[in-house]
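Raw run_18.cif, mmCIF, C-alpha atoms and all ligand atoms:
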```cif
data_work
loop_
_atom_site.group_PDB
_atom_site.id
_atom_site.type_symbol
_atom_site.label_atom_id
_atom_site.label_comp_id
_atom_site.auth_asym_id
_atom_site.auth_seq_id
_atom_site.Cartn_x
_atom_site.Cartn_y
_atom_site.Cartn_z
ATOM 1 C CA MET J 96 145.395 121.934 111.456
ATOM 2 C CA ALA J 97 141.833 123.202 111.066
ATOM 3 C CA HIS J 98 140.271 119.750 110.858
ATOM 4 C CA ILE J 99 141.782 118.540 114.157
ATOM 5 C CA PRO J 100 139.536 120.711 116.420
ATOM 6 C CA ARG J 101 136.564 119.751 114.200
ATOM 7 C CA LEU J 102 137.260 116.058 114.656
ATOM 8 C CA LEU J 103 137.978 116.500 118.332
ATOM 9 C CA SER J 104 134.749 118.410 118.920
ATOM 10 C CA LYS J 105 132.783 115.670 117.143
ATOM 11 C CA GLN J 106 134.299 113.025 119.458
ATOM 12 C CA LEU J 107 134.072 115.069 122.665
ATOM 13 C CA SER J 108 130.524 116.310 122.065
ATOM 14 C CA ARG J 109 129.212 112.773 122.706
ATOM 15 C CA PHE J 110 130.067 113.233 126.369
ATOM 16 C CA VAL J 111 128.291 116.567 126.839
ATOM 17 C CA SER J 112 124.499 116.978 126.968
ATOM 18 C CA ALA J 113 122.721 119.049 124.317
ATOM 19 C CA GLU J 114 121.097 121.054 127.109
ATOM 20 C CA LYS J 115 124.455 122.056 128.584
ATOM 21 C CA LEU J 116 126.049 122.929 125.236
ATOM 22 C CA PHE J 117 123.128 124.931 123.863
ATOM 23 C CA GLN J 118 122.611 126.844 127.126
ATOM 24 C CA SER J 119 126.221 128.028 127.267
ATOM 25 C CA LYS J 120 127.269 131.469 126.019
ATOM 26 C CA THR J 121 127.532 131.275 122.232
ATOM 27 C CA PRO J 122 126.786 133.448 119.198
ATOM 28 C CA VAL J 123 123.111 133.681 118.251
ATOM 29 C CA PHE J 124 121.870 130.481 116.591
ATOM 30 C CA LEU J 125 120.866 131.056 112.950
ATOM 31 C CA PRO J 126 120.097 127.757 111.187
ATOM 32 C CA PHE J 127 119.472 128.032 107.436
ATOM 33 C CA TYR J 128 118.110 125.771 104.708
ATOM 34 C CA HIS J 129 117.203 125.908 101.022
ATOM 35 C CA VAL J 130 114.351 123.534 100.337
ATOM 36 C CA VAL J 131 112.014 120.975 101.911
ATOM 37 C CA SER J 132 110.548 118.360 99.594
ATOM 38 C CA ASP J 133 108.900 114.953 99.790
ATOM 39 C CA GLN J 134 109.919 114.379 96.172
ATOM 40 C CA ALA J 135 113.401 113.927 94.709
ATOM 41 C CA LEU J 136 114.393 117.165 92.943
ATOM 42 C CA PRO J 137 116.545 116.448 89.848
ATOM 43 C CA CYS J 138 117.884 120.030 89.829
ATOM 44 C CA ILE J 139 119.262 119.747 93.371
ATOM 45 C CA LEU J 140 122.048 117.187 93.579
ATOM 46 C CA ASN J 141 124.489 119.608 95.195
ATOM 47 C CA TYR J 142 123.231 119.355 98.806
ATOM 48 C CA PRO J 143 121.033 117.000 100.861
ATOM 49 C CA TYR J 144 117.552 118.260 101.778
ATOM 50 C CA LEU J 145 114.804 117.098 104.117
ATOM 51 C CA ASN J 146 111.276 115.906 103.592
ATOM 52 C CA GLU J 147 108.404 117.628 105.413
ATOM 53 C CA LYS J 148 108.304 115.181 108.314
ATOM 54 C CA GLU J 149 112.049 115.414 108.954
ATOM 55 C CA PHE J 150 111.881 119.203 108.754
ATOM 56 C CA GLU J 151 109.053 119.328 111.290
ATOM 57 C CA GLN J 152 111.076 117.114 113.653
ATOM 58 C CA GLN J 153 114.006 119.524 113.361
ATOM 59 C CA LEU J 154 111.744 122.477 114.162
ATOM 60 C CA ASP J 155 110.495 120.684 117.280
ATOM 61 C CA PHE J 156 114.094 120.021 118.253
ATOM 62 C CA TYR J 157 114.996 123.741 118.007
ATOM 63 C CA LEU J 158 111.880 124.667 119.999
ATOM 64 C CA LYS J 159 113.045 122.429 122.857
ATOM 65 C CA TYR J 160 116.162 124.540 123.438
ATOM 66 C CA PHE J 161 115.690 127.909 121.727
ATOM 67 C CA LYS J 162 113.013 130.578 121.450
ATOM 68 C CA PRO J 163 112.038 131.478 117.855
ATOM 69 C CA VAL J 164 112.572 135.166 117.058
ATOM 70 C CA SER J 165 112.081 137.492 114.096
ATOM 71 C CA LEU J 166 114.644 139.204 111.880
ATOM 72 C CA GLU J 167 113.819 142.518 113.614
ATOM 73 C CA TYR J 168 114.705 140.958 116.975
ATOM 74 C CA ILE J 169 118.073 139.762 115.577
ATOM 75 C CA TYR J 170 118.752 143.188 114.061
ATOM 76 C CA GLU J 171 118.083 144.884 117.406
ATOM 77 C CA ASN J 172 119.835 142.183 119.488
ATOM 78 C CA PRO J 173 122.671 140.687 117.407
ATOM 79 C CA ARG J 174 124.234 139.262 120.578
ATOM 80 C CA PRO J 175 121.213 138.333 122.724
ATOM 81 C CA GLU J 176 121.471 137.000 126.286
ATOM 82 C CA GLU J 177 118.468 134.701 125.729
ATOM 83 C CA LYS J 178 118.839 131.408 123.856
ATOM 84 C CA VAL J 179 117.014 132.247 120.641
ATOM 85 C CA PHE J 180 117.065 131.131 117.004
ATOM 86 C CA HIS J 181 116.119 132.747 113.725
ATOM 87 C CA LEU J 182 115.441 130.528 110.752
ATOM 88 C CA SER J 183 116.233 131.426 107.148
ATOM 89 C CA PHE J 184 115.990 129.951 103.650
ATOM 90 C CA ASP J 185 118.199 130.798 100.678
ATOM 91 C CA ASP J 186 117.586 130.829 96.902
ATOM 92 C CA GLY J 187 113.821 131.580 96.918
ATOM 93 C CA LEU J 188 112.545 128.108 96.028
ATOM 94 C CA ARG J 189 108.838 127.374 95.581
ATOM 95 C CA SER J 190 108.647 124.921 98.490
ATOM 96 C CA CYS J 191 109.229 127.897 100.825
ATOM 97 C CA ALA J 192 105.668 129.084 100.100
ATOM 98 C CA GLU J 193 104.034 125.693 99.664
ATOM 99 C CA ILE J 194 105.576 123.523 102.407
ATOM 100 C CA VAL J 195 107.769 125.614 104.713
ATOM 101 C CA ALA J 196 105.615 128.694 105.354
ATOM 102 C CA PRO J 197 102.373 126.826 106.274
ATOM 103 C CA LEU J 198 104.314 124.685 108.762
ATOM 104 C CA LEU J 199 106.080 127.699 110.283
ATOM 105 C CA LEU J 200 102.787 129.610 110.597
ATOM 106 C CA ARG J 201 101.218 126.656 112.379
ATOM 107 C CA LYS J 202 104.104 126.535 114.853
ATOM 108 C CA GLY J 203 104.499 130.297 115.229
ATOM 109 C CA ILE J 204 108.092 130.375 113.953
ATOM 110 C CA PRO J 205 109.277 133.532 112.124
ATOM 111 C CA ALA J 206 111.713 133.210 109.199
ATOM 112 C CA THR J 207 113.529 135.137 106.484
ATOM 113 C CA PHE J 208 113.525 134.055 102.837
ATOM 114 C CA PHE J 209 116.550 135.247 100.844
ATOM 115 C CA ILE J 210 115.782 135.760 97.160
ATOM 116 C CA ASN J 211 117.870 135.888 93.971
ATOM 117 C CA SER J 212 116.259 138.663 91.926
ATOM 118 C CA GLY J 213 117.487 137.080 88.659
ATOM 119 C CA PHE J 214 115.606 133.832 89.324
ATOM 120 C CA VAL J 215 112.257 135.125 90.682
ATOM 121 C CA ASP J 216 109.263 134.095 88.531
ATOM 122 C CA ASN J 217 111.362 131.269 87.051
ATOM 123 C CA LYS J 218 113.210 133.641 84.730
ATOM 124 C CA GLU J 219 116.448 131.671 84.907
ATOM 125 C CA LEU J 220 117.995 128.663 86.636
ATOM 126 C CA PHE J 221 120.963 128.835 89.080
ATOM 127 C CA HIS J 222 124.090 127.447 87.320
ATOM 128 C CA ARG J 223 124.590 124.712 89.960
ATOM 129 C CA TYR J 224 120.985 123.539 89.376
ATOM 130 C CA LYS J 225 121.697 123.524 85.631
ATOM 131 C CA ALA J 226 124.746 121.349 86.395
ATOM 132 C CA SER J 227 122.555 118.955 88.431
ATOM 133 C CA LEU J 228 120.123 118.560 85.520
ATOM 134 C CA VAL J 229 122.955 118.031 83.008
ATOM 135 C CA LEU J 230 124.554 115.413 85.260
ATOM 136 C CA THR J 231 121.251 113.585 85.815
ATOM 137 C CA GLU J 232 120.609 113.512 82.061
ATOM 138 C CA MET J 233 124.157 112.307 81.290
ATOM 139 C CA LEU J 234 123.800 109.469 83.786
ATOM 140 C CA LEU J 235 120.430 108.446 82.332
ATOM 141 C CA HIS J 236 121.317 108.945 78.656
ATOM 142 C CA PRO J 237 125.096 109.120 78.130
ATOM 143 C CA ASP J 238 126.059 111.359 75.199
ATOM 144 C CA ALA J 239 129.612 111.347 73.826
ATOM 145 C CA GLU J 240 129.343 114.808 72.265
ATOM 146 C CA ALA J 241 128.139 116.475 75.452
ATOM 147 C CA GLU J 242 130.752 114.630 77.471
ATOM 148 C CA SER J 243 133.600 115.779 75.235
ATOM 149 C CA LEU J 244 132.353 119.391 75.243
ATOM 150 C CA LEU J 245 132.397 119.346 79.051
ATOM 151 C CA LEU J 246 135.818 117.662 79.110
ATOM 152 C CA GLU J 247 137.274 120.338 76.795
ATOM 153 C CA ASN J 248 136.209 122.793 79.495
ATOM 154 C CA ASN J 249 137.664 120.719 82.340
ATOM 155 C CA LEU J 250 134.255 119.555 83.524
ATOM 156 C CA THR J 251 133.845 115.882 84.376
ATOM 157 C CA GLN J 252 131.041 113.924 86.028
ATOM 158 C CA GLY J 253 133.129 114.204 89.201
ATOM 159 C CA ASN J 254 133.388 118.006 89.296
ATOM 160 C CA LEU J 255 130.319 119.088 87.303
ATOM 161 C CA LEU J 256 128.356 120.034 90.418
ATOM 162 C CA LYS J 257 131.120 122.535 91.227
ATOM 163 C CA ALA J 258 130.763 124.311 87.872
ATOM 164 C CA ASP J 259 131.010 128.050 88.428
ATOM 165 C CA PHE J 260 129.050 131.053 87.190
ATOM 166 C CA SER J 261 131.500 131.738 84.317
ATOM 167 C CA GLN J 262 130.836 128.221 82.962
ATOM 168 C CA ARG J 263 127.063 128.617 82.658
ATOM 169 C CA SER J 264 127.118 129.011 78.862
ATOM 170 C CA ILE J 265 129.008 125.685 78.626
ATOM 171 C CA LEU J 266 126.226 124.101 80.676
ATOM 172 C CA ASP J 267 123.684 125.648 78.279
ATOM 173 C CA GLU J 268 125.562 124.157 75.302
ATOM 174 C CA ALA J 269 125.799 120.733 76.956
ATOM 175 C CA ALA J 270 122.067 120.838 77.730
ATOM 176 C CA ASP J 271 121.411 121.630 74.078
ATOM 177 C CA LEU J 272 123.381 118.565 72.987
ATOM 178 C CA LEU J 273 121.482 116.462 75.527
ATOM 179 C CA GLU J 274 118.177 117.890 74.256
ATOM 180 C CA LEU J 275 117.537 119.201 77.715
ATOM 181 C CA ASP J 276 115.597 122.457 77.703
ATOM 182 C CA PHE J 277 116.080 124.598 80.818
ATOM 183 C CA GLY J 278 113.267 126.912 79.647
ATOM 184 C CA THR J 279 110.787 124.035 79.549
ATOM 185 C CA PHE J 280 112.026 122.806 82.926
ATOM 186 C CA LEU J 281 111.478 126.275 84.445
ATOM 187 C CA ALA J 282 108.030 126.599 82.875
ATOM 188 C CA GLU J 283 106.851 123.135 83.883
ATOM 189 C CA GLU J 284 108.510 122.547 87.252
ATOM 190 C CA LYS J 285 108.525 126.157 88.477
ATOM 191 C CA PRO J 286 111.333 125.584 90.993
ATOM 192 C CA TYR J 287 111.292 129.252 92.140
ATOM 193 C CA LEU J 288 108.827 131.480 93.933
ATOM 194 C CA SER J 289 106.817 133.951 91.894
ATOM 195 C CA THR J 290 106.693 137.666 92.776
ATOM 196 C CA ALA J 291 103.079 137.121 93.939
ATOM 197 C CA GLN J 292 104.151 134.286 96.277
ATOM 198 C CA ILE J 293 106.966 136.421 97.712
ATOM 199 C CA LYS J 294 104.560 139.312 98.337
ATOM 200 C CA ASP J 295 102.164 136.879 100.001
ATOM 201 C CA LEU J 296 104.956 135.554 102.290
ATOM 202 C CA SER J 297 105.750 139.128 103.235
ATOM 203 C CA HIS J 298 102.051 139.872 103.969
ATOM 204 C CA LYS J 299 101.937 136.792 106.209
ATOM 205 C CA GLY J 300 104.686 138.350 108.334
ATOM 206 C CA PHE J 301 107.797 136.647 106.987
ATOM 207 C CA SER J 302 110.901 138.704 106.201
ATOM 208 C CA ILE J 303 112.299 138.788 102.686
ATOM 209 C CA GLY J 304 115.975 139.507 102.012
ATOM 210 C CA GLY J 305 118.397 139.650 99.071
ATOM 211 C CA HIS J 306 120.782 136.851 98.031
ATOM 212 C CA SER J 307 122.484 138.491 94.973
ATOM 213 C CA HIS J 308 121.043 138.772 91.469
ATOM 214 C CA LYS J 309 122.185 135.441 89.971
ATOM 215 C CA HIS J 310 124.147 133.666 92.691
ATOM 216 C CA PRO J 311 127.754 133.850 91.390
ATOM 217 C CA GLU J 312 130.722 132.608 93.433
ATOM 218 C CA PHE J 313 131.674 135.952 95.035
ATOM 219 C CA TRP J 314 135.261 134.828 95.636
ATOM 220 C CA LYS J 315 135.700 134.464 91.855
ATOM 221 C CA ILE J 316 134.338 137.856 90.732
ATOM 222 C CA SER J 317 135.580 141.425 91.146
ATOM 223 C CA GLU J 318 134.515 143.652 94.017
ATOM 224 C CA LYS J 319 132.692 145.858 91.527
ATOM 225 C CA LYS J 320 130.629 142.897 90.307
ATOM 226 C CA GLN J 321 130.007 141.719 93.876
ATOM 227 C CA PHE J 322 128.594 145.124 94.700
ATOM 228 C CA LYS J 323 126.357 145.113 91.602
ATOM 229 C CA HIS J 324 124.911 141.722 92.581
ATOM 230 C CA VAL J 325 124.163 142.928 96.102
ATOM 231 C CA ARG J 326 122.618 146.204 94.931
ATOM 232 C CA LYS J 327 120.502 144.648 92.181
ATOM 233 C CA SER J 328 118.852 142.127 94.506
ATOM 234 C CA MET J 329 118.300 144.783 97.190
ATOM 235 C CA ASN J 330 116.771 147.154 94.604
ATOM 236 C CA TRP J 331 114.357 144.412 93.545
ATOM 237 C CA LEU J 332 113.221 144.128 97.173
ATOM 238 C CA THR J 333 112.783 147.880 97.545
ATOM 239 C CA GLU J 334 110.581 147.903 94.443
ATOM 240 C CA ASN J 335 108.461 144.901 95.429
ATOM 241 C CA ILE J 336 108.401 144.380 99.191
ATOM 242 C CA ASN J 337 107.815 146.475 102.266
ATOM 243 C CA GLN J 338 110.963 145.709 104.293
ATOM 244 C CA LYS J 339 111.271 146.558 107.986
ATOM 245 C CA VAL J 340 114.929 145.460 108.005
ATOM 246 C CA LYS J 341 117.033 145.416 104.835
ATOM 247 C CA ALA J 342 118.808 142.043 104.961
ATOM 248 C CA PHE J 343 121.182 140.252 102.592
ATOM 249 C CA SER J 344 122.766 136.798 102.740
ATOM 250 C CA PHE J 345 125.916 136.254 100.683
ATOM 251 C CA PRO J 346 125.546 133.441 98.097
ATOM 252 C CA PHE J 347 127.569 130.305 98.978
ATOM 253 C CA THR J 348 129.783 132.045 101.551
ATOM 254 C CA ASP J 349 131.212 135.460 102.449
ATOM 255 C CA ASP J 350 134.745 134.241 101.630
ATOM 256 C CA GLY J 351 136.389 136.760 99.346
ATOM 257 C CA VAL J 352 134.197 139.627 100.560
ATOM 258 C CA SER J 353 136.459 142.454 101.686
ATOM 259 C CA ARG J 354 135.963 144.951 104.494
ATOM 260 C CA LYS J 355 135.815 147.573 101.765
ATOM 261 C CA LEU J 356 132.683 145.989 100.274
ATOM 262 C CA PHE J 357 131.014 145.770 103.703
ATOM 263 C CA GLN J 358 131.838 149.454 104.189
ATOM 264 C CA ARG J 359 130.389 150.418 100.794
ATOM 265 C CA ILE J 360 127.176 148.479 101.505
ATOM 266 C CA LYS J 361 126.905 150.395 104.781
ATOM 267 C CA ASP J 362 127.889 153.816 103.393
ATOM 268 C CA GLU J 363 125.355 153.596 100.564
ATOM 269 C CA ASN J 364 122.665 152.405 103.006
ATOM 270 C CA ILE J 365 121.984 149.247 100.976
ATOM 271 C CA CYS J 366 121.558 146.785 103.881
ATOM 272 C CA ASP J 367 120.910 147.010 107.619
ATOM 273 C CA ILE J 368 122.225 143.533 108.290
ATOM 274 C CA THR J 369 124.105 140.841 106.304
ATOM 275 C CA PHE J 370 124.675 137.131 106.806
ATOM 276 C CA GLY J 371 127.367 134.538 106.060
ATOM 277 C CA THR J 372 127.390 130.743 106.259
ATOM 278 C CA ALA J 373 130.425 130.021 108.473
ATOM 279 C CA GLY J 374 128.485 128.243 111.260
ATOM 280 C CA VAL J 375 128.253 129.123 114.948
ATOM 281 C CA LYS J 376 130.833 131.915 115.064
ATOM 282 C CA TYR J 377 131.099 135.581 115.982
ATOM 283 C CA ASP J 378 132.069 138.021 113.245
ATOM 284 C CA LYS J 379 134.377 141.038 113.457
ATOM 285 C CA ILE J 380 131.770 143.128 111.629
ATOM 286 C CA ASP J 381 128.942 143.861 114.046
ATOM 287 C CA THR J 382 126.178 144.088 111.414
ATOM 288 C CA HIS J 383 127.284 140.809 109.802
ATOM 289 C CA LEU J 384 126.190 137.520 111.415
ATOM 290 C CA GLN J 385 127.131 133.923 110.649
ATOM 291 C CA ARG J 386 124.468 131.262 110.036
ATOM 292 C CA TYR J 387 124.625 127.498 110.444
ATOM 293 C CA PRO J 388 124.115 125.344 107.282
ATOM 294 C CA VAL J 389 121.744 122.590 108.461
ATOM 295 C CA GLU J 390 121.594 120.666 105.165
ATOM 296 C CA GLN J 391 124.573 118.391 105.646
ATOM 297 C CA ALA J 392 125.149 114.686 106.169
ATOM 298 C CA GLY J 393 124.544 113.169 109.606
ATOM 299 C CA ASN J 394 122.203 113.589 112.544
ATOM 300 C CA LEU J 395 121.141 117.147 113.457
ATOM 301 C CA GLU J 396 121.606 116.806 117.225
ATOM 302 C CA GLU J 397 125.084 115.270 116.854
ATOM 303 C CA ASN J 398 126.116 117.819 114.212
ATOM 304 C CA LEU J 399 124.910 120.727 116.327
ATOM 305 C CA LYS J 400 126.520 119.520 119.524
ATOM 306 C CA ALA J 401 129.818 119.185 117.634
ATOM 307 C CA GLU J 402 129.337 122.684 116.142
ATOM 308 C CA PHE J 403 128.726 124.312 119.538
ATOM 309 C CA LEU J 404 131.662 122.479 121.089
ATOM 310 C CA TYR J 405 133.832 123.483 118.126
ATOM 311 C CA PHE J 406 132.933 127.096 118.874
ATOM 312 C CA LYS J 407 134.039 126.602 122.489
ATOM 313 C CA LEU J 408 137.349 125.025 121.446
ATOM 314 C CA ARG J 409 138.047 127.839 118.983
ATOM 315 C CA LYS J 410 137.130 130.387 121.641
ATOM 316 C CA ALA J 411 139.584 128.772 124.061
ATOM 317 C CA MET J 412 142.211 129.102 121.312
ATOM 318 C CA GLY J 413 141.236 132.761 120.813
ATOM 319 C CA LYS J 414 139.825 132.102 117.317
ATOM 320 C CA SER J 415 136.053 132.360 117.694
ATOM 321 C CA CYS J 416 135.712 135.334 115.330
ATOM 322 C CA VAL J 417 135.544 135.473 111.530
ATOM 323 C CA LYS J 418 137.779 138.256 110.110
ATOM 324 C CA HIS J 419 137.477 139.919 106.689
HETATM 325 ZN ZN ZN T 501 122.225 130.294 97.815
#
```
Show how you would write the structure in this file as C-alpha cells.
Ligand SMILES: [Zn+2]
Amino acid sequence: MAHIPRLLSKQLSRFVSAEKLFQSKTPVFLPFYHVVSDQALPCILNYPYLNEKEFEQQLDFYLKYFKPVSLEYIYENPRPEEKVFHLSFDDGLRSCAEIVAPLLLRKGIPATFFINSGFVDNKELFHRYKASLVLTEMLLHPDAEAESLLLENNLTQGNLLKADFSQRSILDEAADLLELDFGTFLAEEKPYLSTAQIKDLSHKGFSIGGHSHKHPEFWKISEKKQFKHVRKSMNWLTENINQKVKAFSFPFTDDGVSRKLFQRIKDENICDITFGTAGVKYDKIDTHLQRYPVEQAGNLEENLKAEFLYFKLRKAMGKSCVKH
C-alpha cells in the first residue's frame, strides 16, 4: 500500500509548480547530506554523493524558495510559519570542513554537523565504509578465501553493503585476507574530521551535534545499548564543544527507537532536540524532527516536489505524523 501514494505523488507533482508546493503549509524543511567530493570515494559505495558544483547548485535552489536558519532558530521554532530550511551533515566526514563549510560561509548558510564520537580523529571506520572498501577490493582482486569467509557469514557481493554492526569483525577478517589495512586507510586518507577541525567549525558558528558513538543499526540493538551510544556521543560534545543547543541525529533512522528512550534522553537532560531521517513529515514527539535525505537517485527538484506532495497526500489520509 505504502508505495502507491509515493508513486502517485511522483506522477502528480509534475503538474504542480515548485513555488506552489514549497509555499504550502508543511513541516519545516531539513535537508541532510553526508559528504561532498569531486573525487570518487572508495569507502562510500552505499549512497550517491554530489561534487562541489552540484552541491552549490542545490544550495542556490534552496535559497530560491527557503530562508536559511540556524539550529537555534529550529529549536525555538520547530513549526515555523516562515518557509525556512536548516541544513545538516551526518557522520563527521573531512569534506565538511574542507569543501562544505567554506561554501556555506560564503553563502551565509548555517548548518549542523553530526559527529560519531568513535570515529573522530580517524580512530575507526564505520562498518558500512569497511564493507565498501572490502567490496571494491574484491571486485578489483577477487580472492576465494575472503569470498568463502563472507559466504559462511551470509554476506555476498549483493548484500555486503548492508552488513551490520555485529558483522564488523567479519569485515576485519575479510580485509585481512584481502591484505587491506583499514588502519593504513584511516591514516592516509583521513576520511573523518579531527577534533581540531570540529572545534574550528564550531568557532566559525556552525552547530555540532551527536550521531551515536559508532553508528550501529539502532533497530538491531537493545534499548540499553541505544542509550549508551546516544550518551557517549553527547558526552564527547560536552567535553569538546561549546553547544548552545544539544542536538542528536539518530544513525540510519529512528526506526526501533521507543518512546521510552526519547523520555529517558529528555529526563536525563542529554539532548534538547533530536532528528530522524523519515523525510518531510511531522513527528508525534515535539522535540524530535524529521529530516529529508537529499543523497538519492534522481533530480533534486523532482524528488522534492514529489516529497512535498507525498506529505500532502498522507495528510489528506490523516497519516502525516511519525509515531513511536
Ligand atoms: Zn550516519
Return as a ChimeraX atom specification the residues of protein, DNA or RNA that approach ligand ZN 501 (chain T) to within 7 Å, with only C-alpha atoms and all ligand atoms taken into account.
/J:185-186,306,310,346-347
Considering all atoms listed in the file, return as a ChimeraX atom specification whatever protein or nucleic-acid residues lie within 12 Å of Ile316 of chain J, sequence-local ones (same chain, fewer than 2 positions apart) excluded.
/J:259-261,310-314,318-324,350-352
Min atom-atom distance to Tyr170 of chain J from the set J:Ser289, J:Ser302, J:Asn330, J:Gln358, counting all atoms listed in the file, belongs to J:Ser302
All residues 7 Å or closer to Val417 of chain J, all atoms listed in the file, same chain fewer than 6 positions away omitted, as an MDAnalysis selection string
chainID J and resid 376:379
So that I can see what lies close to Lys148 of chain J, please list as a PDB file with C-alpha atoms, in the frame of the given file the residues with an atom at most 12 Å from it, counting all atoms listed in the file and leaving out residues fewer than 2 positions away in the same chain.
```pdb
ATOM      1  CA  VAL J 131     112.014 120.975 101.911  1.00  0.00           C
ATOM      2  CA  SER J 132     110.548 118.360  99.594  1.00  0.00           C
ATOM      3  CA  ASP J 133     108.900 114.953  99.790  1.00  0.00           C
ATOM      4  CA  TYR J 144     117.552 118.260 101.778  1.00  0.00           C
ATOM      5  CA  LEU J 145     114.804 117.098 104.117  1.00  0.00           C
ATOM      6  CA  ASN J 146     111.276 115.906 103.592  1.00  0.00           C
ATOM      7  CA  PHE J 150     111.881 119.203 108.754  1.00  0.00           C
ATOM      8  CA  GLU J 151     109.053 119.328 111.290  1.00  0.00           C
ATOM      9  CA  GLN J 152     111.076 117.114 113.653  1.00  0.00           C
ATOM     10  CA  GLN J 153     114.006 119.524 113.361  1.00  0.00           C
ATOM     11  CA  LEU J 154     111.744 122.477 114.162  1.00  0.00           C
ATOM     12  CA  ASP J 155     110.495 120.684 117.280  1.00  0.00           C
ATOM     13  CA  ILE J 194     105.576 123.523 102.407  1.00  0.00           C
ATOM     14  CA  VAL J 195     107.769 125.614 104.713  1.00  0.00           C
ATOM     15  CA  LEU J 198     104.314 124.685 108.762  1.00  0.00           C
TER      16      LEU J 198
END
```
Selection: 9 Å around Ala192 of chain J, only C-alpha atoms, excl. self and same-chain fewer than 6 positions, as a PyMOL selection string:
chain J and resi 288+292-293+295-296
Residues matched by the PyMOL selection byres (((chain J and resi 327) around 10) and not hetatm) as number ranges by chain
J: 211-213, 305-309, 322-326, 328-333
